[in-house]
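S.K.: Next comes the structure file coords31.cif, holding mmCIF, C-alpha atoms.
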```cif
data_input
#
loop_
_atom_site.group_PDB
_atom_site.id
_atom_site.type_symbol
_atom_site.label_atom_id
_atom_site.label_comp_id
_atom_site.auth_asym_id
_atom_site.auth_seq_id
_atom_site.Cartn_x
_atom_site.Cartn_y
_atom_site.Cartn_z
ATOM 1 C CA MET S 10 54.510 36.396 -5.516
ATOM 2 C CA SER S 11 50.992 37.049 -6.809
ATOM 3 C CA GLY S 12 52.229 36.196 -10.309
ATOM 4 C CA LEU S 13 53.439 32.818 -9.051
ATOM 5 C CA VAL S 14 50.049 32.136 -7.415
ATOM 6 C CA ALA S 15 48.227 33.132 -10.594
ATOM 7 C CA ARG S 16 50.432 30.851 -12.759
ATOM 8 C CA THR S 17 49.963 27.959 -10.311
ATOM 9 C CA LEU S 18 46.171 28.400 -10.274
ATOM 10 C CA ASN S 19 46.124 28.733 -14.056
ATOM 11 C CA GLY S 20 48.088 25.478 -14.348
ATOM 12 C CA LEU S 21 45.745 23.737 -11.913
ATOM 13 C CA PHE S 22 42.667 24.681 -13.902
ATOM 14 C CA ARG S 23 44.176 23.173 -17.048
ATOM 15 C CA SER S 24 44.714 19.681 -15.614
ATOM 16 C CA ARG S 25 42.121 17.128 -14.588
ATOM 17 C CA TRP S 26 43.721 16.682 -11.195
ATOM 18 C CA GLY S 27 43.638 20.398 -10.640
ATOM 19 C CA ILE S 28 39.941 20.597 -11.436
ATOM 20 C CA ALA S 29 39.273 17.657 -9.113
ATOM 21 C CA VAL S 30 41.162 19.365 -6.296
ATOM 22 C CA VAL S 31 39.243 22.618 -6.790
ATOM 23 C CA ILE S 32 35.890 20.765 -6.794
ATOM 24 C CA ALA S 33 36.876 18.856 -3.637
ATOM 25 C CA VAL S 34 37.794 22.134 -1.891
ATOM 26 C CA ILE S 35 34.445 23.666 -2.900
ATOM 27 C CA VAL S 36 32.496 20.609 -1.653
ATOM 28 C CA LEU S 37 34.353 20.617 1.660
ATOM 29 C CA ALA S 38 33.692 24.325 2.045
ATOM 30 C CA VAL S 39 29.959 23.887 1.413
ATOM 31 C CA VAL S 40 29.750 20.971 3.870
ATOM 32 C CA GLY S 41 31.658 22.942 6.481
ATOM 33 C CA ILE S 42 29.409 25.975 6.069
ATOM 34 C CA GLY S 43 26.348 23.703 6.289
ATOM 35 C CA ARG S 44 27.583 22.314 9.604
ATOM 36 C CA VAL S 45 28.131 25.782 11.002
ATOM 37 C CA PHE S 46 24.542 26.801 10.215
ATOM 38 C CA SER S 47 22.993 23.547 11.460
ATOM 39 C CA ASP S 48 24.071 24.295 15.037
ATOM 40 C CA GLY S 49 25.676 20.877 15.320
ATOM 41 C CA ARG S 50 22.436 19.010 14.671
ATOM 42 C CA SER S 51 22.695 16.189 12.211
ATOM 43 C CA THR S 52 20.468 16.339 9.175
ATOM 44 C CA SER S 53 21.255 12.759 8.226
ATOM 45 C CA PRO S 54 18.281 10.729 6.987
ATOM 46 C CA LEU S 55 19.608 7.801 9.015
ATOM 47 C CA GLY S 56 18.119 9.056 12.228
ATOM 48 C CA ASN S 57 21.133 10.567 13.984
ATOM 49 C CA GLY S 58 19.096 13.689 14.709
ATOM 50 C CA SER S 59 16.893 14.453 17.664
ATOM 51 C CA PRO S 60 13.980 12.109 18.370
ATOM 52 C CA ALA S 61 10.476 12.977 17.225
ATOM 53 C CA PRO S 62 8.350 14.800 19.772
ATOM 54 C CA GLU S 63 5.966 12.727 21.853
ATOM 55 C CA ILE S 64 2.348 12.846 20.788
ATOM 56 C CA SER S 65 -0.399 12.566 23.310
ATOM 57 C CA ILE S 66 -4.146 12.651 22.968
ATOM 58 C CA ASN S 67 -6.377 13.960 25.674
ATOM 59 C CA PRO S 68 -9.682 12.041 25.524
ATOM 60 C CA ALA S 69 -11.376 14.983 27.213
ATOM 61 C CA ASP S 70 -10.745 17.187 24.165
ATOM 62 C CA ASP S 71 -13.732 17.390 21.832
ATOM 63 C CA ASP S 72 -11.529 17.504 18.743
ATOM 64 C CA SER S 73 -9.386 14.472 19.587
ATOM 65 C CA VAL S 74 -8.963 11.591 17.151
ATOM 66 C CA VAL S 75 -10.145 9.086 19.730
ATOM 67 C CA SER S 76 -13.879 8.569 19.585
ATOM 68 C CA SER S 77 -16.163 7.095 22.197
ATOM 69 C CA ASP S 78 -18.568 6.051 19.432
ATOM 70 C CA PRO S 79 -18.776 2.308 18.795
ATOM 71 C CA PRO S 80 -17.136 1.069 15.589
ATOM 72 C CA PRO S 81 -19.402 0.997 12.530
ATOM 73 C CA THR S 82 -21.594 -2.068 12.083
ATOM 74 C CA PRO S 83 -22.072 -3.331 8.539
ATOM 75 C CA ARG S 84 -25.715 -3.104 7.472
ATOM 76 C CA THR S 85 -27.229 -6.106 5.659
ATOM 77 C CA SER S 86 -30.698 -6.276 4.151
ATOM 78 C CA PRO S 87 -32.947 -8.984 5.626
ATOM 79 C CA GLY S 88 -32.477 -12.341 3.913
ATOM 80 C CA ARG S 89 -29.140 -11.360 2.346
ATOM 81 C CA ALA S 90 -25.733 -12.906 3.065
ATOM 82 C CA GLN S 91 -23.481 -11.313 5.667
ATOM 83 C CA PRO S 92 -20.161 -9.832 4.427
ATOM 84 C CA GLU S 93 -18.130 -12.716 5.912
ATOM 85 C CA ALA S 94 -20.137 -15.292 3.922
ATOM 86 C CA VAL S 95 -19.785 -13.283 0.698
ATOM 87 C CA ALA S 96 -16.025 -12.903 1.213
ATOM 88 C CA TYR S 97 -15.639 -16.650 1.830
ATOM 89 C CA ALA S 98 -17.743 -17.596 -1.211
ATOM 90 C CA PHE S 99 -15.838 -15.192 -3.469
ATOM 91 C CA ALA S 100 -12.432 -16.380 -2.223
ATOM 92 C CA SER S 101 -13.429 -20.026 -2.723
ATOM 93 C CA ALA S 102 -14.580 -19.335 -6.296
ATOM 94 C CA TRP S 103 -11.437 -17.279 -6.975
ATOM 95 C CA ALA S 104 -9.205 -20.177 -5.902
ATOM 96 C CA ASP S 105 -11.216 -22.730 -7.930
ATOM 97 C CA HIS S 106 -9.230 -22.234 -11.132
ATOM 98 C CA ASP S 107 -7.920 -25.691 -12.063
ATOM 99 C CA ASP S 108 -9.330 -27.137 -15.282
ATOM 100 C CA VAL S 109 -11.844 -24.332 -15.838
ATOM 101 C CA THR S 110 -12.136 -21.919 -18.713
ATOM 102 C CA ALA S 111 -11.818 -18.193 -18.118
ATOM 103 C CA LYS S 112 -15.521 -17.813 -18.880
ATOM 104 C CA ARG S 113 -16.513 -20.493 -16.345
ATOM 105 C CA TRP S 114 -14.185 -19.064 -13.686
ATOM 106 C CA LEU S 115 -15.659 -15.579 -14.147
ATOM 107 C CA SER S 116 -19.200 -16.948 -13.945
ATOM 108 C CA GLN S 117 -18.290 -18.513 -10.562
ATOM 109 C CA LEU S 118 -17.173 -15.095 -9.272
ATOM 110 C CA GLN S 119 -20.011 -13.048 -10.727
ATOM 111 C CA PRO S 120 -22.744 -13.765 -8.102
ATOM 112 C CA ASN S 121 -20.541 -12.211 -5.401
ATOM 113 C CA ALA S 122 -18.861 -9.426 -7.436
ATOM 114 C CA THR S 123 -19.998 -5.989 -8.499
ATOM 115 C CA PRO S 124 -20.512 -5.435 -12.234
ATOM 116 C CA ARG S 125 -17.467 -3.148 -12.174
ATOM 117 C CA LEU S 126 -15.190 -5.864 -10.724
ATOM 118 C CA THR S 127 -16.662 -8.483 -13.062
ATOM 119 C CA GLU S 128 -15.755 -6.269 -16.012
ATOM 120 C CA GLN S 129 -12.231 -5.738 -14.665
ATOM 121 C CA LEU S 130 -11.727 -9.502 -14.354
ATOM 122 C CA ARG S 131 -13.091 -10.224 -17.837
ATOM 123 C CA GLY S 132 -10.294 -11.725 -19.911
ATOM 124 C CA ALA S 133 -8.195 -12.677 -16.878
ATOM 125 C CA ASP S 134 -6.477 -16.057 -17.115
ATOM 126 C CA PRO S 135 -7.496 -18.220 -14.143
ATOM 127 C CA ALA S 136 -4.315 -20.291 -14.570
ATOM 128 C CA GLY S 137 -2.421 -17.314 -13.122
ATOM 129 C CA ILE S 138 -4.268 -17.400 -9.796
ATOM 130 C CA PRO S 139 -1.554 -17.930 -7.135
ATOM 131 C CA ALA S 140 -3.707 -19.830 -4.618
ATOM 132 C CA ASP S 141 -5.515 -23.165 -4.634
ATOM 133 C CA ARG S 142 -7.689 -23.102 -1.525
ATOM 134 C CA VAL S 143 -9.026 -21.086 1.374
ATOM 135 C CA ILE S 144 -7.485 -22.075 4.717
ATOM 136 C CA GLY S 145 -8.986 -19.523 7.085
ATOM 137 C CA ARG S 146 -12.138 -17.610 7.854
ATOM 138 C CA PRO S 147 -12.285 -14.054 6.555
ATOM 139 C CA SER S 148 -11.374 -11.360 9.033
ATOM 140 C CA LEU S 149 -13.419 -8.205 8.608
ATOM 141 C CA VAL S 150 -12.806 -4.551 9.318
ATOM 142 C CA ALA S 151 -15.848 -2.342 8.874
ATOM 143 C CA VAL S 152 -15.064 0.979 7.233
ATOM 144 C CA ASN S 153 -18.663 2.160 7.586
ATOM 145 C CA GLU S 154 -22.153 0.638 7.339
ATOM 146 C CA THR S 155 -21.800 -0.036 3.616
ATOM 147 C CA MET S 156 -18.100 -0.882 3.181
ATOM 148 C CA VAL S 157 -16.004 -3.661 4.694
ATOM 149 C CA ASN S 158 -12.423 -4.763 4.118
ATOM 150 C CA ALA S 159 -11.935 -8.515 4.387
ATOM 151 C CA THR S 160 -8.744 -10.558 4.529
ATOM 152 C CA VAL S 161 -8.959 -14.228 3.616
ATOM 153 C CA THR S 162 -6.016 -16.509 4.377
ATOM 154 C CA MET S 163 -5.239 -18.735 1.406
ATOM 155 C CA ASP S 164 -2.738 -21.596 1.058
ATOM 156 C CA SER S 165 -0.075 -19.283 -0.426
ATOM 157 C CA GLY S 166 -0.939 -15.804 0.798
ATOM 158 C CA LYS S 167 -3.691 -13.430 1.789
ATOM 159 C CA LEU S 168 -6.532 -12.287 -0.425
ATOM 160 C CA GLY S 169 -7.713 -8.791 0.416
ATOM 161 C CA LEU S 170 -11.285 -7.980 -0.557
ATOM 162 C CA ARG S 171 -13.230 -4.728 -0.487
ATOM 163 C CA LEU S 172 -16.941 -5.375 -0.079
ATOM 164 C CA VAL S 173 -19.639 -2.788 -0.637
ATOM 165 C CA ALA S 174 -23.363 -2.863 0.084
ATOM 166 C CA PRO S 175 -24.958 0.487 -0.709
ATOM 167 C CA GLU S 176 -28.397 -1.163 -0.413
ATOM 168 C CA GLY S 177 -27.575 -3.888 2.131
ATOM 169 C CA TYR S 178 -26.593 -6.479 -0.512
ATOM 170 C CA TRP S 179 -22.884 -7.300 -0.098
ATOM 171 C CA LEU S 180 -20.657 -7.705 -3.168
ATOM 172 C CA VAL S 181 -16.892 -7.747 -3.668
ATOM 173 C CA ASP S 182 -15.758 -4.559 -5.412
ATOM 174 C CA GLY S 183 -11.961 -4.845 -5.219
ATOM 175 C CA ILE S 184 -9.268 -7.462 -4.690
ATOM 176 C CA ASP S 185 -5.642 -7.422 -3.624
ATOM 177 C CA TRP S 186 -3.135 -10.270 -3.278
ATOM 178 C CA THR S 187 -0.284 -10.533 -0.782
ATOM 179 C CA PRO S 188 1.888 -13.643 -1.182
ATOM 180 C CA THR S 189 3.462 -15.283 1.869
#
```
When written as structure tokens, how does the structure in this file appear?

M.R.:
Amino acid sequence: MSGLVARTLNGLFRSRWGIAVVIAVIVLAVVGIGRVFSDGRSTSPLGNGSPAPEISINPADDDSVVSSDPPPTPRTSPGRAQPEAVAYAFASAWADHDDVTAKRWLSQLQPNATPRLTEQLRGADPAGIPADRVIGRPSLVAVNETMVNATVTMDSGKLGLRLVAPEGYWLVDGIDWTPT
């Protein structure tokens, strides 16, 4: 009988169907063994497993993430524009791209942009700007005293601006576009 089994297995390994059957048996065996060792818990990435543990923060703990400190207030030098005004002026100049040369468009942005951003925008084609006008006031989120993230609602999306003021003089240092 063992000779018959050996000849049958030998014949199986020589055909494509036989190899497919052997691979299927091996895969099923591995999956079955995996289920035995997982204690019945699903490891599916689709969320069939156990829920995530609850996270709680005790405000009385000194090392908690919650802080009783007030949020940072952007610092502006006397006589200089506030970050909201700089963000609005930059966004308005950015959207003013019809019938202007690239050089003229960049010169409109330059008073409210850092030298680094101005250099990054050099050579950009203003015809590719996806917005035509500002339709909302900038909303600001202070990161610290010298950095603010602003979001300006435009007619076709949102213009994200990173403003910096290491010496109290606010300038746009980075831009991001999110179409609607």

S.K.: Given the PyMOL selection byres ((chain S and resi 160) around 9) and the file above, list the residues it selects as a list in words.

M.R.: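 On this input, the PyMOL selection byres ((chain S and resi 160) around 9) captures Ala96, Arg146, Pro147, Ser148, Leu149, Val150, Asn158, Ala159, Val161, Thr162, Lys167, Leu168, Gly169, Leu170 and Arg171 of chain S.
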
S.K.: Mind pulling up the distance from CA of Ala90 in chain S to CA of Glu176 in chain S?

M.R.: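 Atom-to-atom, CA of Glu176 in chain S to CA of Ala90 in chain S, that is 12.5 Å.
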
S.K.: In Å, how far is it from CA of Gly183 in chain S to CA of Pro87 in chain S?

M.R.: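 One can read the CA of Gly183 in chain S to CA of Pro87 in chain S distance as 24.0 Å.
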
S.K.: Pick out the closest residue to Met156 in chain S from this set: S:Ala104, S:Thr85, S:Ala98, S:Thr189. Count all atoms listed in the file.

M.R.: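 Smallest distance to Met156 in chain S is found for S:Thr85.
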
S.K.: Taking every listed atom of range 184-187 of chain S and adding 6 Å to each side, what centre and edge lengths in Å (one decimal) does the axis-aligned box have, as JSON?

M.R.:
```
{"center_x": -4.8, "center_y": -9.0, "center_z": -2.7, "size_x": 21.0, "size_y": 15.1, "size_z": 15.9}
```

S.K.: Could you state which residues are captured by the PyMOL selection byres ((chain S and resi 180) around 7) in this file, as a list of chain:residue names?

M.R.: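 On the file shown, the PyMOL selection byres ((chain S and resi 180) around 7) covers S:Val95, S:Asn121, S:Ala122, S:Thr123, S:Leu172, S:Val173, S:Ala174, S:Tyr178, S:Trp179, S:Val181, S:Asp182.
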
S.K.: Please identify all polymer residues within 10 Å of range 129-138 of chain S, counting only C-alpha atoms, omitting same-chain residues fewer than 3 positions from it, and present them as a ChimeraX atom specification.

M.R.: /S:103-116,118-119,122-126,141,182-183,186
